Structure formats: structure tokens, C-alpha cells
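Chemist: Got a structure for you, start27.tsv, holding TSV, C-alpha atoms and all ligand atoms.
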```tsv
chain	number	residue	atom	x	y	z
L	1	MET	CA	-4.87	12.46	-13.24
L	2	SER	CA	-7.51	13.62	-10.77
L	3	ASN	CA	-9.50	16.78	-11.35
L	4	GLN	CA	-10.25	19.49	-8.77
L	5	SER	CA	-12.72	17.46	-6.72
L	6	GLY	CA	-10.53	14.38	-6.75
L	7	ARG	CA	-12.43	12.32	-9.28
L	8	PHE	CA	-10.83	9.48	-11.18
L	9	GLY	CA	-13.44	8.91	-13.87
L	10	ILE	CA	-16.59	8.12	-11.87
L	11	HIS	CA	-14.57	7.13	-8.79
L	12	GLY	CA	-13.15	9.07	-5.85
L	13	GLY	CA	-14.83	12.22	-4.57
L	14	GLN	CA	-15.57	13.33	-1.02
L	15	TYR	CA	-18.48	11.42	0.52
L	16	ILE	CA	-18.02	12.68	4.04
L	17	PRO	CA	-20.07	14.40	6.74
L	18	GLU	CA	-20.19	18.17	6.59
L	19	THR	CA	-18.17	18.34	9.82
L	20	LEU	CA	-15.15	16.90	8.02
L	21	MET	CA	-15.29	19.21	5.00
L	22	ASN	CA	-13.21	21.91	6.67
L	23	ALA	CA	-10.51	19.40	7.55
L	24	VAL	CA	-10.15	18.03	4.02
L	25	ILE	CA	-10.25	21.53	2.50
L	26	GLU	CA	-7.51	22.70	4.89
L	27	LEU	CA	-5.47	19.62	4.01
L	28	GLU	CA	-5.95	20.07	0.27
L	29	GLN	CA	-4.91	23.72	0.41
L	30	ALA	CA	-1.83	22.95	2.47
L	31	TYR	CA	-0.87	20.09	0.19
L	32	ASN	CA	-1.32	22.15	-2.97
L	33	PHE	CA	1.06	24.71	-1.50
L	34	TYR	CA	3.73	22.39	-0.08
L	35	LYS	CA	3.87	19.94	-2.99
L	36	ASN	CA	5.50	22.69	-5.04
L	37	ASP	CA	7.53	24.14	-2.17
L	38	LYS	CA	11.28	23.70	-2.64
L	39	ALA	CA	12.13	23.58	1.05
L	40	PHE	CA	9.41	20.99	1.77
L	41	ASN	CA	10.55	18.74	-1.04
L	42	HIS	CA	14.17	19.08	-0.02
L	43	GLU	CA	13.36	18.16	3.56
L	44	LEU	CA	11.31	15.17	2.44
L	45	GLU	CA	14.10	13.99	0.16
L	46	GLN	CA	16.53	14.18	3.11
L	47	LEU	CA	14.16	12.10	5.23
L	48	PHE	CA	13.79	9.55	2.43
L	49	ASN	CA	17.52	9.25	1.95
L	50	GLU	CA	18.97	9.71	5.43
L	51	TYR	CA	16.23	8.15	7.53
L	52	ALA	CA	14.33	5.67	5.37
L	53	GLY	CA	17.39	4.49	3.44
L	54	ARG	CA	16.29	5.45	-0.08
L	55	PRO	CA	16.76	4.98	-2.92
L	56	SER	CA	15.77	1.34	-2.51
L	57	ARG	CA	17.65	-1.16	-4.65
L	58	LEU	CA	16.41	-2.45	-7.99
L	59	TYR	CA	17.84	-5.94	-7.76
L	60	TYR	CA	18.33	-8.27	-10.74
L	61	ALA	CA	16.98	-11.64	-9.59
L	62	SER	CA	19.38	-13.78	-11.62
L	63	ARG	CA	18.65	-17.12	-9.93
L	64	MET	CA	14.92	-16.68	-10.35
L	65	THR	CA	15.39	-15.59	-13.96
L	66	GLU	CA	17.56	-18.67	-14.73
L	67	ASP	CA	15.16	-20.97	-12.97
L	68	LEU	CA	12.04	-19.79	-14.80
L	69	HIS	CA	13.59	-19.74	-18.31
L	70	GLY	CA	11.54	-16.72	-19.27
L	71	ALA	CA	11.57	-12.98	-18.74
L	72	LYS	CA	14.32	-11.14	-16.92
L	73	ILE	CA	13.15	-10.38	-13.41
L	74	TYR	CA	14.01	-7.37	-11.27
L	75	LEU	CA	12.86	-6.80	-7.70
L	76	LYS	CA	12.18	-3.30	-6.36
L	77	ARG	CA	13.34	-3.69	-2.77
L	78	GLU	CA	10.94	-1.62	-0.66
L	79	ASP	CA	11.50	-4.29	2.00
L	80	LEU	CA	14.88	-2.70	2.67
L	81	ASN	CA	13.38	0.60	3.83
L	82	HIS	CA	13.47	1.53	7.52
L	83	THR	CA	10.53	-0.23	9.24
L	84	GLY	CA	10.58	-2.87	6.51
L	85	ALA	CA	8.00	-1.74	3.97
L	86	HIS	CA	6.89	0.98	1.56
L	87	LYS	CA	4.56	2.51	4.20
L	88	ILE	CA	7.29	4.79	5.52
L	89	ASN	CA	7.32	6.80	2.23
L	90	ASN	CA	3.77	8.00	2.71
L	91	VAL	CA	4.06	8.44	6.45
L	92	LEU	CA	7.16	10.64	6.31
L	93	GLY	CA	5.42	12.82	3.71
L	94	GLN	CA	2.21	13.20	5.69
L	95	ALA	CA	3.97	13.71	9.04
L	96	LEU	CA	6.10	16.46	7.54
L	97	LEU	CA	3.02	18.04	5.97
L	98	ALA	CA	1.17	17.86	9.31
L	99	LYS	CA	4.06	19.57	11.02
L	100	LYS	CA	4.11	22.35	8.44
L	101	MET	CA	0.36	22.76	9.01
L	102	GLY	CA	1.03	23.32	12.71
L	103	LYS	CA	-0.55	20.03	13.83
L	104	THR	CA	0.89	18.42	16.95
L	105	ARG	CA	-0.90	15.09	16.88
L	106	LEU	CA	-1.16	12.24	14.36
L	107	ILE	CA	-3.90	9.66	14.31
L	108	ALA	CA	-3.89	6.57	12.10
L	109	GLU	CA	-5.74	3.35	11.41
L	110	THR	CA	-3.91	0.08	11.18
L	111	GLY	CA	-4.77	-3.50	10.23
L	112	ALA	CA	-1.79	-5.75	10.74
L	113	GLY	CA	0.01	-2.92	12.47
L	114	GLN	CA	2.48	-2.02	9.70
L	115	HIS	CA	1.03	1.42	9.00
L	116	GLY	CA	0.56	2.01	12.73
L	117	VAL	CA	4.21	1.23	13.42
L	118	ALA	CA	5.33	3.46	10.53
L	119	THR	CA	3.16	6.33	11.80
L	120	ALA	CA	4.37	5.89	15.38
L	121	THR	CA	7.93	5.93	14.01
L	122	ALA	CA	7.45	9.19	12.11
L	123	ALA	CA	5.70	10.74	15.12
L	124	ALA	CA	8.63	9.82	17.37
L	125	LEU	CA	11.08	11.24	14.82
L	126	MET	CA	9.22	14.53	14.51
L	127	GLY	CA	8.09	14.98	18.10
L	128	LEU	CA	4.37	14.59	17.41
L	129	SER	CA	1.98	12.71	19.65
L	130	CYS	CA	0.34	9.69	18.08
L	131	VAL	CA	-2.83	7.63	18.51
L	132	VAL	CA	-3.39	4.49	16.47
L	133	PHE	CA	-6.80	2.83	16.02
L	134	MET	CA	-6.65	-0.92	15.63
L	135	GLY	CA	-9.42	-3.52	15.54
L	136	GLU	CA	-9.62	-5.58	18.73
L	137	GLU	CA	-9.27	-8.79	16.74
L	138	ASP	CA	-6.13	-7.41	15.07
L	139	THR	CA	-4.55	-6.32	18.38
L	140	ARG	CA	-4.74	-9.96	19.43
L	141	ARG	CA	-3.34	-11.30	16.15
L	142	GLN	CA	-0.55	-8.70	15.99
L	143	ALA	CA	0.54	-8.29	19.59
L	144	LEU	CA	4.16	-7.62	18.61
L	145	ASN	CA	3.19	-4.57	16.55
L	146	VAL	CA	1.03	-3.27	19.41
L	147	TYR	CA	4.11	-3.50	21.63
L	148	LYS	CA	6.26	-1.71	19.02
L	149	MET	CA	3.78	1.17	18.65
L	150	ARG	CA	3.68	1.65	22.45
L	151	LEU	CA	7.47	1.41	22.63
L	152	LEU	CA	7.63	4.19	20.02
L	153	GLY	CA	5.43	6.34	22.25
L	154	ALA	CA	2.06	5.90	20.55
L	155	GLU	CA	-1.24	5.17	22.22
L	156	VAL	CA	-3.03	2.17	20.70
L	157	ILE	CA	-6.81	2.18	20.90
L	158	SER	CA	-8.51	-1.16	20.46
L	159	VAL	CA	-11.65	-0.80	18.29
L	160	LYS	CA	-14.48	-3.08	19.34
L	161	THR	CA	-17.17	-2.05	16.85
L	162	GLY	CA	-18.17	-4.14	13.81
L	163	THR	CA	-15.88	-7.06	13.14
L	164	GLY	CA	-13.03	-5.44	15.11
L	165	THR	CA	-10.81	-5.29	12.03
L	166	LEU	CA	-9.25	-2.77	9.64
L	167	LYS	CA	-12.43	-1.26	8.18
L	168	ASP	CA	-13.71	-0.55	11.71
L	169	ALA	CA	-10.38	1.06	12.63
L	170	VAL	CA	-10.68	3.39	9.60
L	171	SER	CA	-14.24	4.35	10.58
L	172	GLU	CA	-13.13	5.08	14.14
L	173	ALA	CA	-10.18	7.19	13.00
L	174	PHE	CA	-12.51	9.32	10.83
L	175	ARG	CA	-14.86	9.71	13.82
L	176	GLU	CA	-11.98	10.85	16.01
L	177	TRP	CA	-10.73	13.30	13.35
L	178	THR	CA	-14.20	14.87	13.09
L	179	SER	CA	-14.14	15.63	16.80
L	180	ARG	CA	-10.61	17.00	16.89
L	181	ILE	CA	-9.54	18.77	13.73
L	182	ALA	CA	-7.65	21.73	15.20
L	183	ASP	CA	-4.49	19.96	16.41
L	184	THR	CA	-4.81	16.60	14.65
L	185	HIS	CA	-3.85	15.22	11.25
L	186	TYR	CA	-5.31	11.90	10.13
L	187	CYS	CA	-2.39	10.04	8.53
L	188	LEU	CA	-4.27	7.67	6.23
L	189	GLY	CA	-2.32	4.61	5.18
L	190	SER	CA	-3.30	3.91	1.59
L	191	VAL	CA	-4.58	5.51	-1.65
L	192	MET	CA	-8.14	5.55	-0.35
L	193	GLY	CA	-10.63	7.63	1.57
L	194	PRO	CA	-11.95	11.03	0.49
L	195	HIS	CA	-10.03	13.46	-1.72
L	196	PRO	CA	-7.26	14.59	-1.26
L	197	PHE	CA	-5.95	11.39	0.42
L	198	PRO	CA	-5.77	9.15	-2.69
L	199	THR	CA	-3.74	11.84	-4.49
L	200	ILE	CA	-1.48	12.71	-1.55
L	201	VAL	CA	-0.64	9.09	-0.75
L	202	ARG	CA	-0.03	8.29	-4.43
L	203	ASP	CA	2.30	11.26	-4.81
L	204	PHE	CA	4.37	10.32	-1.76
L	205	GLN	CA	4.55	6.68	-2.92
L	206	SER	CA	5.38	7.65	-6.51
L	207	VAL	CA	9.04	7.79	-5.48
L	208	ILE	CA	8.95	4.02	-6.12
L	209	SER	CA	8.26	4.30	-9.87
L	210	ARG	CA	10.48	7.37	-10.22
L	211	GLU	CA	13.38	5.29	-8.94
L	212	ILE	CA	12.43	2.14	-10.90
L	213	LYS	CA	12.40	4.14	-14.13
L	214	ALA	CA	15.81	5.73	-13.58
L	215	GLN	CA	17.32	2.46	-12.32
L	216	ILE	CA	16.04	0.25	-15.17
L	217	LEU	CA	17.03	2.80	-17.83
L	218	GLN	CA	20.50	2.86	-16.40
L	219	ARG	CA	20.83	-0.93	-16.29
L	220	GLU	CA	18.92	-2.00	-19.38
L	221	ASN	CA	18.61	1.17	-21.38
L	222	LYS	CA	14.90	0.45	-21.91
L	223	LEU	CA	11.65	0.42	-20.00
L	224	PRO	CA	10.27	-2.76	-18.42
L	225	ASP	CA	7.49	-4.68	-20.17
L	226	TYR	CA	5.64	-5.33	-16.93
L	227	VAL	CA	5.41	-3.73	-13.50
L	228	ILE	CA	3.69	-5.99	-10.98
L	229	ALA	CA	2.65	-5.11	-7.42
L	230	CYS	CA	0.22	-6.37	-4.80
L	231	VAL	CA	-2.94	-4.38	-4.06
L	232	GLY	CA	-4.67	-3.94	-0.71
L	233	GLY	CA	-5.88	-0.35	-0.74
L	234	GLY	CA	-3.32	0.02	-3.50
L	235	SER	CA	-0.58	2.40	-2.33
L	236	ASN	CA	2.54	0.40	-3.20
L	237	ALA	CA	0.96	-0.47	-6.55
L	238	MET	CA	-0.03	3.15	-7.35
L	239	GLY	CA	3.47	4.23	-6.36
L	240	SER	CA	4.98	1.56	-8.60
L	241	PHE	CA	2.69	2.40	-11.56
L	242	TRP	CA	2.56	6.19	-11.46
L	243	HIS	CA	5.56	7.24	-13.57
L	244	PHE	CA	4.76	4.54	-16.16
L	245	ILE	CA	1.11	5.41	-16.78
L	246	ASN	CA	1.92	7.42	-19.90
L	247	ASP	CA	4.38	4.78	-21.18
L	248	LYS	CA	1.82	2.64	-22.96
L	249	SER	CA	4.28	-0.19	-23.67
L	250	VAL	CA	4.61	-0.86	-19.94
L	251	LYS	CA	1.89	-3.24	-18.75
L	252	LEU	CA	0.74	-2.62	-15.20
L	253	ILE	CA	-0.60	-5.52	-13.12
L	254	GLY	CA	-2.08	-5.37	-9.63
L	255	CYS	CA	-2.38	-8.60	-7.62
L	256	GLU	CA	-5.36	-8.88	-5.28
L	257	ALA	CA	-5.80	-11.31	-2.43
L	258	ALA	CA	-8.15	-14.09	-3.53
L	259	GLY	CA	-7.90	-15.73	-0.09
L	260	ARG	CA	-9.39	-19.24	-0.34
L	261	GLY	CA	-10.61	-18.43	-3.88
L	262	ILE	CA	-12.81	-15.88	-5.66
L	263	ASN	CA	-15.68	-18.37	-5.76
L	264	THR	CA	-15.70	-18.67	-1.98
L	265	PRO	CA	-16.91	-16.08	0.57
L	266	GLU	CA	-13.39	-16.05	2.03
L	267	THR	CA	-11.77	-13.60	-0.36
L	268	ALA	CA	-10.61	-9.98	-0.49
L	269	ALA	CA	-10.38	-9.68	-4.31
L	270	THR	CA	-12.28	-6.44	-4.89
L	271	ILE	CA	-11.94	-6.10	-8.67
L	272	ALA	CA	-12.78	-9.77	-9.22
L	273	THR	CA	-15.76	-9.93	-6.87
L	274	GLY	CA	-16.74	-6.37	-5.89
L	275	ARG	CA	-19.27	-3.84	-7.13
L	276	LEU	CA	-19.46	-0.06	-7.34
L	277	GLY	CA	-20.27	1.53	-4.00
L	278	ILE	CA	-19.55	4.34	-1.57
L	279	PHE	CA	-17.64	3.72	1.67
L	280	HIS	CA	-14.99	5.48	3.75
L	281	GLY	CA	-15.58	8.73	1.88
L	282	MET	CA	-14.97	7.49	-1.66
L	283	LYS	CA	-16.76	5.97	-4.62
L	284	SER	CA	-14.97	2.85	-5.83
L	285	TYR	CA	-15.37	-0.92	-6.02
L	286	PHE	CA	-16.12	-2.77	-2.80
L	287	CYS	CA	-16.85	-6.34	-1.71
L	288	GLN	CA	-20.53	-6.21	-0.74
L	289	ASP	CA	-23.38	-8.49	0.25
L	290	ASN	CA	-26.74	-8.61	-1.56
L	291	TYR	CA	-27.97	-5.60	0.43
L	292	GLY	CA	-24.95	-3.47	-0.47
L	293	GLN	CA	-23.44	-3.83	3.00
L	294	ILE	CA	-19.66	-4.18	3.12
L	295	ALA	CA	-18.87	-7.89	3.13
L	296	PRO	CA	-16.48	-9.48	5.60
L	297	VAL	CA	-13.27	-10.18	3.71
L	298	TYR	CA	-10.52	-12.70	4.22
L	299	SER	CA	-6.90	-13.19	3.19
L	300	ILE	CA	-3.92	-14.90	4.82
L	301	SER	CA	-2.27	-11.51	4.34
L	302	ALA	CA	-3.49	-8.93	6.85
L	303	GLY	CA	-2.17	-6.09	4.67
L	304	LEU	CA	-4.42	-7.04	1.74
L	305	ASP	CA	-7.46	-7.75	3.89
L	306	TYR	CA	-9.47	-4.61	2.97
L	307	PRO	CA	-12.94	-4.76	1.33
L	308	GLY	CA	-12.23	-1.99	-1.20
L	309	ILE	CA	-9.66	-0.63	-3.62
L	310	GLY	CA	-8.38	2.92	-4.09
L	311	PRO	CA	-10.43	4.98	-6.58
L	312	GLU	CA	-7.55	5.56	-8.99
L	313	HIS	CA	-7.09	1.80	-9.36
L	314	ALA	CA	-10.83	1.44	-10.01
L	315	TYR	CA	-10.39	4.01	-12.77
L	316	LEU	CA	-7.26	2.37	-14.24
L	317	HIS	CA	-9.27	-0.85	-14.32
L	318	ASP	CA	-12.24	0.85	-16.04
L	319	ILE	CA	-10.07	2.35	-18.78
L	320	LYS	CA	-8.04	-0.88	-19.00
L	321	ARG	CA	-4.73	0.87	-18.38
L	322	ALA	CA	-3.93	-1.59	-15.59
L	323	SER	CA	-5.16	-5.12	-15.05
L	324	TYR	CA	-5.92	-6.82	-11.77
L	325	VAL	CA	-5.53	-10.51	-11.07
L	326	PRO	CA	-6.55	-12.58	-8.04
L	327	VAL	CA	-3.92	-14.70	-6.24
L	328	THR	CA	-4.92	-17.27	-3.61
L	329	ASP	CA	-3.39	-17.87	-0.16
L	330	GLU	CA	-1.90	-21.14	-1.39
L	331	GLU	CA	-0.27	-19.48	-4.43
L	332	ALA	CA	1.10	-16.66	-2.28
L	333	VAL	CA	2.54	-19.06	0.30
L	334	ASN	CA	4.22	-21.05	-2.49
L	335	ALA	CA	5.76	-17.83	-3.83
L	336	PHE	CA	6.83	-16.78	-0.29
L	337	GLU	CA	8.77	-20.06	0.01
L	338	TYR	CA	10.05	-19.90	-3.58
L	339	LEU	CA	11.60	-16.44	-3.31
L	340	SER	CA	13.15	-17.32	0.06
L	341	ARG	CA	14.81	-20.45	-1.37
L	342	THR	CA	15.73	-19.06	-4.79
L	343	GLU	CA	17.03	-15.59	-3.96
L	344	GLY	CA	17.52	-15.62	-0.19
L	345	ILE	CA	14.88	-12.91	0.14
L	346	ILE	CA	11.91	-13.48	2.47
L	347	PRO	CA	9.14	-11.23	1.12
L	348	ALA	CA	6.09	-9.99	3.00
L	349	ILE	CA	3.17	-12.34	2.32
L	350	GLU	CA	1.45	-9.34	0.67
L	351	SER	CA	4.36	-8.97	-1.78
L	352	ALA	CA	4.36	-12.75	-2.35
L	353	HIS	CA	1.02	-12.29	-4.15
L	354	ALA	CA	2.84	-10.22	-6.79
L	355	VAL	CA	5.74	-12.69	-6.91
L	356	SER	CA	3.29	-15.53	-7.55
L	357	HIS	CA	1.75	-13.88	-10.59
L	358	ALA	CA	5.17	-12.86	-11.92
L	359	ILE	CA	6.36	-16.47	-11.76
L	360	LYS	CA	3.41	-17.61	-13.88
L	361	LEU	CA	3.84	-14.75	-16.34
L	362	ALA	CA	7.64	-14.96	-16.67
L	363	LYS	CA	7.43	-18.55	-17.92
L	364	THR	CA	5.33	-17.41	-20.90
L	365	LEU	CA	7.86	-14.73	-21.94
L	366	SER	CA	11.43	-14.63	-23.27
L	367	ARG	CA	14.72	-13.14	-22.09
L	368	GLU	CA	13.95	-10.05	-24.20
L	369	ASN	CA	11.17	-9.15	-21.76
L	370	ILE	CA	11.64	-7.44	-18.42
L	371	ILE	CA	9.39	-7.80	-15.40
L	372	VAL	CA	9.75	-5.56	-12.34
L	373	ILE	CA	8.11	-6.87	-9.17
L	374	THR	CA	7.68	-4.53	-6.24
L	375	ILE	CA	8.61	-6.26	-3.00
L	376	SER	CA	6.48	-4.02	-0.78
L	377	GLY	CA	7.85	-5.34	2.50
L	378	ARG	CA	9.90	-7.96	4.28
L	379	GLY	CA	8.50	-11.23	5.55
L	380	ASP	CA	9.80	-11.54	9.11
L	381	LYS	CA	6.37	-10.59	10.43
L	382	ASP	CA	4.77	-13.46	8.49
L	383	CYS	CA	7.05	-16.38	9.35
L	384	ALA	CA	5.01	-17.65	12.29
L	385	ALA	CA	1.72	-17.53	10.35
L	386	ILE	CA	3.17	-19.26	7.29
L	387	ALA	CA	4.74	-21.95	9.47
L	388	ARG	CA	1.29	-22.45	11.01
L	389	TYR	CA	-0.28	-22.60	7.56
L	390	ARG	CA	2.13	-25.45	6.77
L	391	GLY	CA	1.21	-27.21	10.01
L	392	GLU	CA	4.38	-26.33	11.90
L	393	ASN	CA	4.30	-24.74	15.31
L	394	ILE	CA	6.98	-22.23	16.15
L	395	ASN	CA	7.21	-19.91	19.08
L	396	GLU	CA	6.92	-16.24	18.15
L	401	LIG	C1	0.11	-2.44	4.03
L	401	LIG	C2	0.88	-3.30	3.13
L	401	LIG	C3	0.42	-3.63	1.83
L	401	LIG	C4	-0.93	-3.22	1.32
L	401	LIG	O1	-1.15	-1.86	1.20
L	401	LIG	P1	-1.19	-1.08	-0.18
L	401	LIG	O2	-1.76	0.23	0.17
L	401	LIG	O3	-2.08	-1.87	-1.11
L	401	LIG	O4	0.19	-1.03	-0.70
L	401	LIG	C5	1.24	-4.38	1.01
L	401	LIG	N1	2.45	-4.82	1.43
L	401	LIG	C6	2.93	-4.54	2.65
L	401	LIG	C7	4.27	-5.06	3.04
L	401	LIG	C8	2.16	-3.78	3.54
L	401	LIG	O5	2.64	-3.51	4.77
```
Would you mind writing the structure in this file as C-alpha cells?
Ligand SMILES: *Cc1c(COP(=O)(O)O)cnc(C)c1O
Modeler:
Amino acid sequence: MSNQSGRFGIHGGQYIPETLMNAVIELEQAYNFYKNDKAFNHELEQLFNEYAGRPSRLYYASRMTEDLHGAKIYLKREDLNHTGAHKINNVLGQALLAKKMGKTRLIAETGAGQHGVATATAAALMGLSCVVFMGEEDTRRQALNVYKMRLLGAEVISVKTGTGTLKDAVSEAFREWTSRIADTHYCLGSVMGPHPFPTIVRDFQSVISREIKAQILQRENKLPDYVIACVGGGSNAMGSFWHFINDKSVKLIGCEAAGRGINTPETAATIATGRLGIFHGMKSYFCQDNYGQIAPVYSISAGLDYPGIGPEHAYLHDIKRASYVPVTDEEAVNAFEYLSRTEGIIPAIESAHAVSHAIKLAKTLSRENIIVITISGRGDKDCAAIARYRGENINE
């Protein structure tokens, strides 16, 4: 869908300092070669299957379906992957690519620590050294993931600039990459940043929709009516949408974090509240203040707490191929509890945003309709925070 320079309509591109151009050109050339290389794809498939535990299940949520008296609901269980989320798909792909390129060191940004842990995991598996940039505020909030990354052999660098959160960690990782291109690959965690990252990450995550399509055709002998996924930068959603984009009967819905509501400053809903801008090397929609500065964003879900959206999503929104809906903290927490009680599956609070919208939608449909919800990750990491949200205090 992207052209040579990585444009998605008016979005995307490469808005980066000249010093980084060589790095992204080298990466693009390597990727263009390896994406069609039989041995590379075979090796990646082995890693997906033997290490990450793919294919992930497409589970028929019968109790939820009965309870809602509407559409048939299936869950794509990315929460069952090794390390507990979809992030491992992208990270295994990029780590393998880095290795083929002769790089010996991975760097990554992380917010809640999920992408950092996945990158540290792949680095350990492939014998690469690993440095993860994480906002100082986030290292405090996610101490367990900092421990895990160090346990896996990674160095965690606490970023003190700006608000000490995810966007600052991304900026710092780009800065580091600029100064050390020869031996280092920047393993970016979502479908964002300058070309070719949005395309590379989407391709590695597209295994999700490739599997959904084969699995649903086998079970139902037809395509789903809806595919619903949560959107931070947008990688699990792009991966879930990709193989359905040309199937016009399949409606694609991305669920953004509305936080305390899209009419409050405490939100991370980029499509609902953002404007066109340029940040982190790409043109897309971003939450901004009146001066065009990136606004501080908020969500109960650290994985959706990013002030922008990947450029391909911005394009799918522009051409109305996908729609994007805001879901509040309160709605997501309700869905987190609902799925736990109804199906015995504790979803990541990020994924609960998609579950929440699916619950609303399913009630308006009939048993003829099929909804697939991507459960991007598991919810163990969120239990303490949700308990706190409900006024309970548990020891982590
Ligand atoms: C990181 C993360 C997300 C958000 O990232 P996307 O790139 O939008 O997919 C969603 N769910 C989980 C479980 C995550 O770890």
C-alpha cells in the first residue's frame, strides 16, 4: 500500500535528520531483499512456531456470544504468545533482520516495558546485546518489567528529558541510533516512525490477519463482518487488518484510548482529538496543543498512551476504509472485568478497549454476523493497577 518513499496518502515519509538517512536506506535495502528471501522467511516461520507458539488460537467465545444475544464473537489470542502479547511477532522479525545485516546490538524504546521485554527476549535468543530506553516515570511505574529486561541481559537507560515517558524514550532511541549506526539496529515497536518502519512492522504483524483469515474460513466458511483491535501506535491493529483490506465486506475498527474522555485533556485518542503534524520522523495525526507542540497524553493503559497514530492508520481513516472509535478508561475496565468473568480470559487493559467496543456493537447485530476481536496481550501486568482503580490495594 505504500509507495517507494513510504507514503500512505499524505502520511508517512521520512522526516529525519540527514545523519539518519544512511541508516534507513540501509535498512530499507536489506528489508527489500530479505522479505522475499526463502531462507529468511523459513527461519522466521520457525521462530514464530517453535519459539513464540504460533499460530495463536482463534477462539469462539461462546459464553460471551450467548450473553450478548447478538453477533458471534471470536477472539484472536495473541495473549497466548511467548512474552504474552503480539509484540514478539515484530521483534523476532526485526532481530532476525538485524542479524542478517551483521548488526550485533539492538536498541529499543519502551513505554510500559512490553516492547522492551520482547526486544530483550529476542536479543537473548539471538545473542545480540540490547539497550532499552525507558522514560524515568515509566521505570518507576513498571519496575517489574525493568527487572525482567535486566534479567534477560539488557541494559535499561532511564530517560529524564521531557515528561519522562514513551515519546521521550523514542526520541532518545533515535538520538542514540544516529550516533551509532554501524553495529546497531533500532528495533522500533509499532507501525510508526520514518519509512521503512511502518511497513516493516506491519508486515511482521500481518501474520495475525493471515491466520485469522485461514482460521475463520475453516470454521465458518466465510469472512468475518468486523475485525476489531485496540490502537496505540497501531501495530496489532494493522496486523489484524492487513489481509482484509481488500475484502470490502469486512469492516475494520480501531479502538483508541479516550482516557477520562475525549472532551477532557486527559486523553490519548489521536483520531478523535488530534491534528495533522510531523513528529518522530513521520507525517500523521498527533495530539497537539494550540502551538502545535505534542500534547501530554493520558490513558489507564500504558500501551495506548502515545500521542500519535501510525501513518497507515491515518490513511485508512482518511479514505474511510477503517474507522476509529474512542473508549474510556471506565469502559475498558468494565470490559477487562467482563471478559475475565465471562470467558475466564484476563485481557491486557489495552485489548480491553477493543473488547468494550465489541460488546456494544455485538448487541446491535444478529447471530448471522461475526466479530473477531484481537486480544493483543494478557492482563497479568494490569491486575494491580485495575485493583487500584477499583479502590482495592493489593501487593504486587
Ligand atoms: C504495546 C501494546 C499495545 C499497543 O501497541 P500497538 O502498536 O498499537 O499494537 C496493545 N496491546 C498490548 C498488549 C501491548 O503490549
Chemist: Once you count all atoms listed in the file, which residues end up within 7 Å of ligand LIG 401 (chain L), and could you hand them over as a list in words?
Modeler: Ala85, His86, Lys87, Gln114, His115, Gly189, Ser190, Val191, Cys230, Val231, Gly232, Gly233, Gly234, Ser235, Asn236, Ala237, Gly303, Leu304, Ala348, Glu350, Ser351, Ser376, Gly377 and Arg378 of chain L
Chemist: Which residue out of L:Ser129, L:Tyr34, L:Leu217, L:Asp79 has the minimum interatomic distance to Leu96 of chain L when all atoms listed in the file are used?
Modeler: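 Ranking L:Ser129, L:Tyr34, L:Leu217, L:Asp79 by distance to Leu96 of chain L, first place goes to L:Tyr34.
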Chemist: Tell me, in Å to one decimal, how far atom CA of His313 of chain L is from atom CA of Lys76 of chain L.
Modeler: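 We find that atom CA of His313 of chain L and atom CA of Lys76 of chain L lie 20.2 Å from each other.
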Chemist: Mind dumping a table of every segment 152-210 of chain L residue within 10 Å of segment 4-17 of chain L, with the nearest atom pair and its distance in Å to one decimal, using all atoms listed in the file, sorted by chain and rising number, as JSON lines?
Modeler:
```
{"residue": "L:Phe174", "atom": "CA", "partner": "L:Ile16", "partner_atom": "CA", "distance": 9.4}
{"residue": "L:Arg175", "atom": "CA", "partner": "L:Pro17", "partner_atom": "CA", "distance": 10.0}
{"residue": "L:Thr178", "atom": "CA", "partner": "L:Pro17", "partner_atom": "CA", "distance": 8.7}
{"residue": "L:Met192", "atom": "CA", "partner": "L:Gly12", "partner_atom": "CA", "distance": 8.2}
{"residue": "L:Gly193", "atom": "CA", "partner": "L:Gly12", "partner_atom": "CA", "distance": 8.0}
{"residue": "L:Pro194", "atom": "CA", "partner": "L:Gln14", "partner_atom": "CA", "distance": 4.5}
{"residue": "L:His195", "atom": "CA", "partner": "L:Gly6", "partner_atom": "CA", "distance": 5.1}
{"residue": "L:Pro196", "atom": "CA", "partner": "L:Gly6", "partner_atom": "CA", "distance": 6.4}
{"residue": "L:Phe197", "atom": "CA", "partner": "L:Gly6", "partner_atom": "CA", "distance": 9.0}
{"residue": "L:Pro198", "atom": "CA", "partner": "L:Gly12", "partner_atom": "CA", "distance": 8.0}
{"residue": "L:Thr199", "atom": "CA", "partner": "L:Gly6", "partner_atom": "CA", "distance": 7.6}
```
Chemist: Between L:Phe286, L:Phe336, L:Tyr306, L:Phe133, which has the minimum distance to Ala387 of chain L (counting only C-alpha atoms)?
Modeler: L:Phe336
Chemist: Between atom CA of Glu330 of chain L and atom CA of Asp305 of chain L, measure the distance and give it in Å to one decimal.
Modeler: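 Spanning atom CA of Glu330 of chain L to atom CA of Asp305 of chain L is a straight-line distance of 15.4 Å.
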Chemist: Mind pulling up the distance from atom CA of Gly102 of chain L to atom CA of Gly281 of chain L?
Modeler: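 So the two atoms, atom CA of Gly281 of chain L and atom CA of Gly102 of chain L, lie 24.6 Å apart.
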Chemist: Please write as a VMD selection string the list of polymer residues whose atoms come within 10 Å of (7.8, -12.5, 10.9), counting all atoms listed in the file and keeping to the coordinates of the file.
Modeler: chain L and resid 144 346 to 349 378 to 386 396
